[in-house]
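Undergrad: work-v8.cif is reproduced below (mmCIF, C-alpha atoms).
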data_data
#
loop_
_atom_site.label_atom_id
_atom_site.label_comp_id
_atom_site.auth_asym_id
_atom_site.auth_seq_id
_atom_site.Cartn_x
_atom_site.Cartn_y
_atom_site.Cartn_z
CA MET A 1 113.10 111.76 82.20
CA ARG A 2 112.00 110.32 85.52
CA LEU A 3 110.35 107.42 83.68
CA GLN A 4 112.26 107.34 80.40
CA ILE A 5 115.66 106.51 81.93
CA PRO A 6 114.45 103.52 84.04
CA ILE A 7 112.44 102.23 81.06
CA ALA A 8 115.50 102.52 78.78
CA LEU A 9 117.72 100.76 81.33
CA GLY A 10 115.17 98.00 81.75
CA PHE A 11 114.89 97.55 78.00
CA LEU A 12 118.67 97.38 77.52
CA ALA A 13 119.14 94.92 80.39
CA GLY A 14 116.29 92.71 79.19
CA ALA A 15 117.47 92.79 75.59
CA PHE A 16 121.00 91.88 76.68
CA MET A 17 119.74 88.92 78.72
CA ILE A 18 117.75 87.66 75.71
CA VAL A 19 120.65 88.09 73.27
CA GLN A 20 123.24 86.38 75.48
CA PHE A 21 120.92 83.38 75.87
CA PHE A 22 120.79 82.77 72.12
CA VAL A 23 124.34 83.91 71.20
CA PRO A 24 127.04 81.61 72.70
CA TYR A 25 129.79 84.24 72.87
CA TYR A 26 132.34 84.28 75.69
CA ALA A 27 132.24 88.05 76.30
CA LEU A 28 128.45 88.03 76.55
CA GLN A 29 128.62 85.16 79.03
CA MET A 30 131.14 87.06 81.14
CA TYR A 31 128.97 90.17 81.27
CA TYR A 32 125.97 87.98 82.04
CA GLU A 33 127.73 86.56 85.10
CA GLN A 34 128.66 90.10 86.21
CA LEU A 35 125.02 91.14 85.93
CA LEU A 36 124.05 88.18 88.10
CA ASP A 37 126.59 89.34 90.71
CA TRP A 38 125.04 92.81 90.61
CA ALA A 39 121.61 91.25 91.03
CA ILE A 40 122.83 89.47 94.18
CA ILE A 41 124.13 92.78 95.57
CA ILE A 42 120.85 94.54 94.77
CA GLY A 43 118.99 91.65 96.40
CA ALA A 44 121.06 92.13 99.56
CA PHE A 45 120.08 95.81 99.67
CA ALA A 46 116.46 94.83 99.04
CA LEU A 47 116.67 92.46 102.02
CA VAL A 48 117.86 95.34 104.20
CA LEU A 49 114.99 97.51 102.96
CA GLY A 50 112.56 94.68 103.65
CA LEU A 51 113.86 94.33 107.21
CA GLY A 52 113.49 98.08 107.70
CA SER A 53 109.92 97.95 106.46
CA LEU A 54 109.22 95.01 108.78
CA PHE A 55 110.60 96.87 111.80
CA ARG A 56 108.68 100.02 110.93
CA SER A 57 105.44 98.10 110.55
CA HIS A 58 105.77 96.38 113.92
CA ILE A 59 106.93 99.54 115.69
CA ASP A 60 103.93 101.43 114.31
CA LYS A 61 101.62 98.70 115.65
CA ILE A 62 103.24 98.95 119.08
CA ARG A 63 103.01 102.74 119.17
CA SER A 64 99.35 102.76 118.09
CA ARG A 65 98.48 99.95 120.51
CA HIS A 66 97.05 97.79 117.76
CA PRO A 67 94.82 94.98 119.12
CA ASP A 68 97.53 92.44 118.20
CA TYR A 69 100.55 94.58 119.11
CA ILE A 70 101.79 91.95 121.58
CA TYR A 71 102.69 89.76 118.59
CA SER A 72 104.80 92.61 117.24
CA PHE A 73 106.77 92.52 120.50
CA VAL A 74 107.27 88.78 120.07
CA ALA A 75 108.41 89.20 116.46
CA LEU A 76 110.94 91.92 117.27
CA ILE A 77 112.33 90.12 120.33
CA SER A 78 112.61 86.85 118.41
CA PHE A 79 114.44 88.57 115.58
CA ALA A 80 116.86 90.23 118.01
CA VAL A 81 117.59 86.96 119.84
CA MET A 82 118.21 84.96 116.67
CA PHE A 83 120.30 87.76 115.17
CA PHE A 84 122.46 87.98 118.31
CA PHE A 85 123.18 84.25 118.60
CA GLY A 86 123.60 83.84 114.84
CA ILE A 87 126.12 86.69 114.49
CA PHE A 88 128.19 86.14 117.65
CA TYR A 89 127.97 82.36 118.12
CA GLY A 90 127.42 81.06 114.59
CA VAL A 91 124.74 78.90 113.02
CA ASN A 92 126.56 75.57 113.02
CA PRO A 93 125.03 72.43 114.56
CA ARG A 94 124.92 72.30 118.39
CA THR A 95 125.03 76.08 118.71
CA THR A 96 122.40 78.09 120.58
CA PHE A 97 121.02 79.31 117.27
CA ASP A 98 120.63 75.73 116.06
CA TRP A 99 119.02 74.65 119.37
CA ILE A 100 116.46 77.47 119.25
CA PHE A 101 115.64 76.67 115.63
CA ASN A 102 115.20 72.92 116.18
CA ASN A 103 113.31 73.19 119.48
CA ILE A 104 111.10 76.24 118.83
CA GLN A 105 110.89 77.01 115.12
CA VAL A 106 110.49 73.43 113.89
CA PRO A 107 107.72 72.49 116.39
CA LEU A 108 105.90 75.74 115.56
CA GLU A 109 106.04 74.93 111.85
CA ALA A 110 104.76 71.41 112.52
CA THR A 111 101.88 72.87 114.53
CA VAL A 112 100.93 75.29 111.77
CA PHE A 113 101.02 72.56 109.13
CA SER A 114 98.94 70.23 111.31
CA LEU A 115 96.31 72.97 111.58
CA LEU A 116 96.56 73.51 107.84
CA ALA A 117 95.43 69.91 107.30
CA PHE A 118 92.06 70.69 108.94
CA PHE A 119 91.61 73.82 106.81
CA MET A 120 92.40 71.80 103.69
CA ALA A 121 89.89 69.13 104.69
CA SER A 122 87.23 71.80 105.23
CA ALA A 123 88.02 73.46 101.90
CA ALA A 124 87.98 70.10 100.13
CA TYR A 125 84.55 69.30 101.59
CA ARG A 126 83.14 72.61 100.33
CA THR A 127 84.84 72.31 96.93
CA PHE A 128 84.15 68.66 96.14
CA ARG A 129 80.42 68.72 96.69
CA ALA A 130 78.93 67.22 93.54
CA ARG A 131 76.96 70.18 92.21
CA SER A 132 77.97 69.70 88.58
CA VAL A 133 79.58 67.16 86.28
CA GLU A 134 82.99 68.77 86.72
CA ALA A 135 82.70 68.79 90.52
CA THR A 136 81.59 65.15 90.48
CA LEU A 137 84.57 64.18 88.32
CA LEU A 138 86.91 66.08 90.63
CA LEU A 139 85.37 64.36 93.66
CA VAL A 140 85.75 60.88 92.17
CA VAL A 141 89.36 61.45 91.13
CA ALA A 142 90.24 62.91 94.54
CA VAL A 143 88.75 59.90 96.32
CA ILE A 144 90.69 57.50 94.09
CA ILE A 145 93.94 59.39 94.68
CA MET A 146 93.41 59.38 98.45
CA LEU A 147 92.53 55.68 98.48
CA GLY A 148 95.67 54.97 96.48
CA ARG A 149 97.75 56.52 99.26
CA VAL A 150 96.40 54.50 102.21
CA PRO A 151 97.41 50.90 103.06
CA ILE A 152 93.83 49.68 103.57
CA THR A 153 93.42 49.33 99.79
CA ASP A 154 96.06 46.56 99.83
CA TYR A 155 93.28 44.23 100.99
CA ILE A 156 91.16 44.99 97.92
CA LYS A 157 92.19 42.32 95.45
CA PHE A 158 89.67 42.67 92.64
CA VAL A 159 90.78 46.16 91.59
CA ASP A 160 94.25 47.75 91.47
CA ILE A 161 93.52 51.09 93.11
CA HIS A 162 97.21 51.83 93.68
CA GLY A 163 98.03 51.31 90.01
CA PHE A 164 95.06 53.37 88.84
CA SER A 165 95.97 56.15 91.25
CA GLU A 166 99.54 56.22 89.96
CA TRP A 167 98.23 56.31 86.37
CA LEU A 168 96.01 59.28 87.19
CA MET A 169 98.96 61.12 88.75
CA SER A 170 101.46 60.32 85.99
CA ILE A 171 99.30 60.74 82.85
CA PRO A 172 96.21 63.01 83.15
CA ALA A 173 97.55 65.08 86.07
CA THR A 174 100.94 65.56 84.41
CA ALA A 175 99.28 66.58 81.15
CA ALA A 176 97.11 69.14 82.95
CA LYS A 177 100.13 70.42 84.89
CA ARG A 178 102.12 70.91 81.71
CA GLY A 179 99.21 72.77 80.13
CA ILE A 180 99.10 75.10 83.14
CA LEU A 181 102.87 75.61 82.94
CA PHE A 182 102.57 76.51 79.26
CA GLY A 183 99.95 79.09 80.16
CA VAL A 184 102.15 80.48 82.93
CA ALA A 185 105.12 80.64 80.54
CA LEU A 186 103.09 82.55 77.95
CA GLY A 187 101.93 84.94 80.68
CA ILE A 188 105.54 85.51 81.76
CA VAL A 189 106.59 86.20 78.16
CA ALA A 190 103.72 88.63 77.63
CA THR A 191 104.43 90.47 80.89
CA SER A 192 108.17 90.61 80.14
CA LEU A 193 107.52 92.10 76.70
CA ARG A 194 105.18 94.70 78.21
CA ILE A 195 107.91 95.69 80.70
CA LEU A 196 110.67 95.76 78.07
CA LEU A 197 108.60 97.91 75.70
CA GLY A 198 107.59 100.29 78.47
CA ILE A 199 103.89 99.43 78.28
CA GLU A 200 103.76 98.07 81.83
CA ARG A 201 105.08 100.69 84.26
CA SER A 202 103.54 99.71 87.59
CA HIS A 203 106.97 98.53 88.85
CA LEU A 204 108.24 102.11 88.50
CA GLY A 205 105.77 103.45 91.04
CA GLY A 206 102.05 104.01 91.01
CA GLY A 207 99.37 101.41 90.62
CA GLY A 208 98.62 101.76 86.93
CA GLY A 209 99.80 99.86 83.92
CA ALA A 210 100.82 101.86 80.91
CA GLY A 211 101.78 105.37 81.93
CA ARG A 212 101.67 108.55 79.97
#
Can you present the structure in this file as structure tokens?

TA:
Amino acid sequence: MRLQIPIALGFLAGAFMIVQFFVPYYALQMYYEQLLDWAIIIGAFALVLGLGSLFRSHIDKIRSRHPDYIYSFVALISFAVMFFFGIFYGVNPRTTFDWIFNNIQVPLEATVFSLLAFFMASAAYRTFRARSVEATLLLVVAVIIMLGRVPITDYIKFVDIHGFSEWLMSIPATAAKRGILFGVALGIVATSLRILLGIERSHLGGGGGAGR
């Protein structure tokens, strides 16, 4: 019963969501909106549980004197400060919360993304080395795309690199992207069916797939 009841509830909820999508009936739409409201409430509780897990993780690091426990102090203090100013003084523009966000959080994000550019360049160098036909093709296309995004190619008159770059992005790249999305959609359908039929039970606890 510990597994059968959650599996049955999951099957009924999933079947209802499928039926209401294909049957345009007012009552089904009303119940669908109520289920979405319940999902928002459950998501709020999940957020609280996530915050509790975050606090517990950082507190455990501080207690055990983990080598990076000082960052746990910073995380907890930052959370407390933002929570205090956000709850008692609001999050509107020109508030303390907004000032901290724009003058600390935004520059930190810009710093992280600027460092990410160097990691991406290093990964691209290792990936695009022409060791095979596919890698060579990927290297050539990447170079054309990058050249199509810089203004220096405006001085090259005998070939339209900008136009060719846009063609590569709008035709072959879009076709490949749609193929990947089709694959992802089929994977989602297969996983959803496994959950609805009770074959996939890892979300109910434990690391396995189909349970006994």

Undergrad: Tell me which residues the PyMOL selection byres ((chain A and resi 169-183) around 12) grabs here, as number ranges by chain.

TA: A: 138, 141-142, 144-146, 148-149, 162-168, 184-190

Undergrad: Find the spatial neighbours of segment 2-19 of chain A, counting only C-alpha atoms, within a cut-off of 6 Å - ignore same-chain residues fewer than 4 positions away - and output them as number ranges by chain.

TA: A: 23, 196, 198

Undergrad: Grab the atom CA of Phe73 of chain A to atom CA of Leu54 of chain A distance for me, in Å with one decimal place.

TA: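 We find that atom CA of Phe73 of chain A and atom CA of Leu54 of chain A lie 12.2 Å from each other.
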
Undergrad: Choose the residue, out of A:Phe21, A:Ile152, A:Leu139, A:Val112, that has the smallest atom-to-atom separation from Ala124 of chain A; count all atoms listed in the file.

TA: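 Selected residue with least distance to Ala124 of chain A: A:Leu139.
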
Undergrad: What is the atom CA of Ser202 of chain A to atom CA of Leu36 of chain A distance in Å?

TA: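 Going from atom CA of Ser202 of chain A over to atom CA of Leu36 of chain A, I get 23.5 Å.
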
Undergrad: Would you mind listing what lies within 12 Å of segment 77-87 of chain A as a PyMOL selection string, with all atoms listed in the file counted and same-chain residues fewer than 6 positions away left out?

TA: chain A and resi 51+54-55+58-59+70-71+93+95-101+104-105

Undergrad: In Å, rounded to a single decimal, give me how far atom CA of Ser72 of chain A is from atom CA of Asp60 of chain A.

TA: 9.3 Å
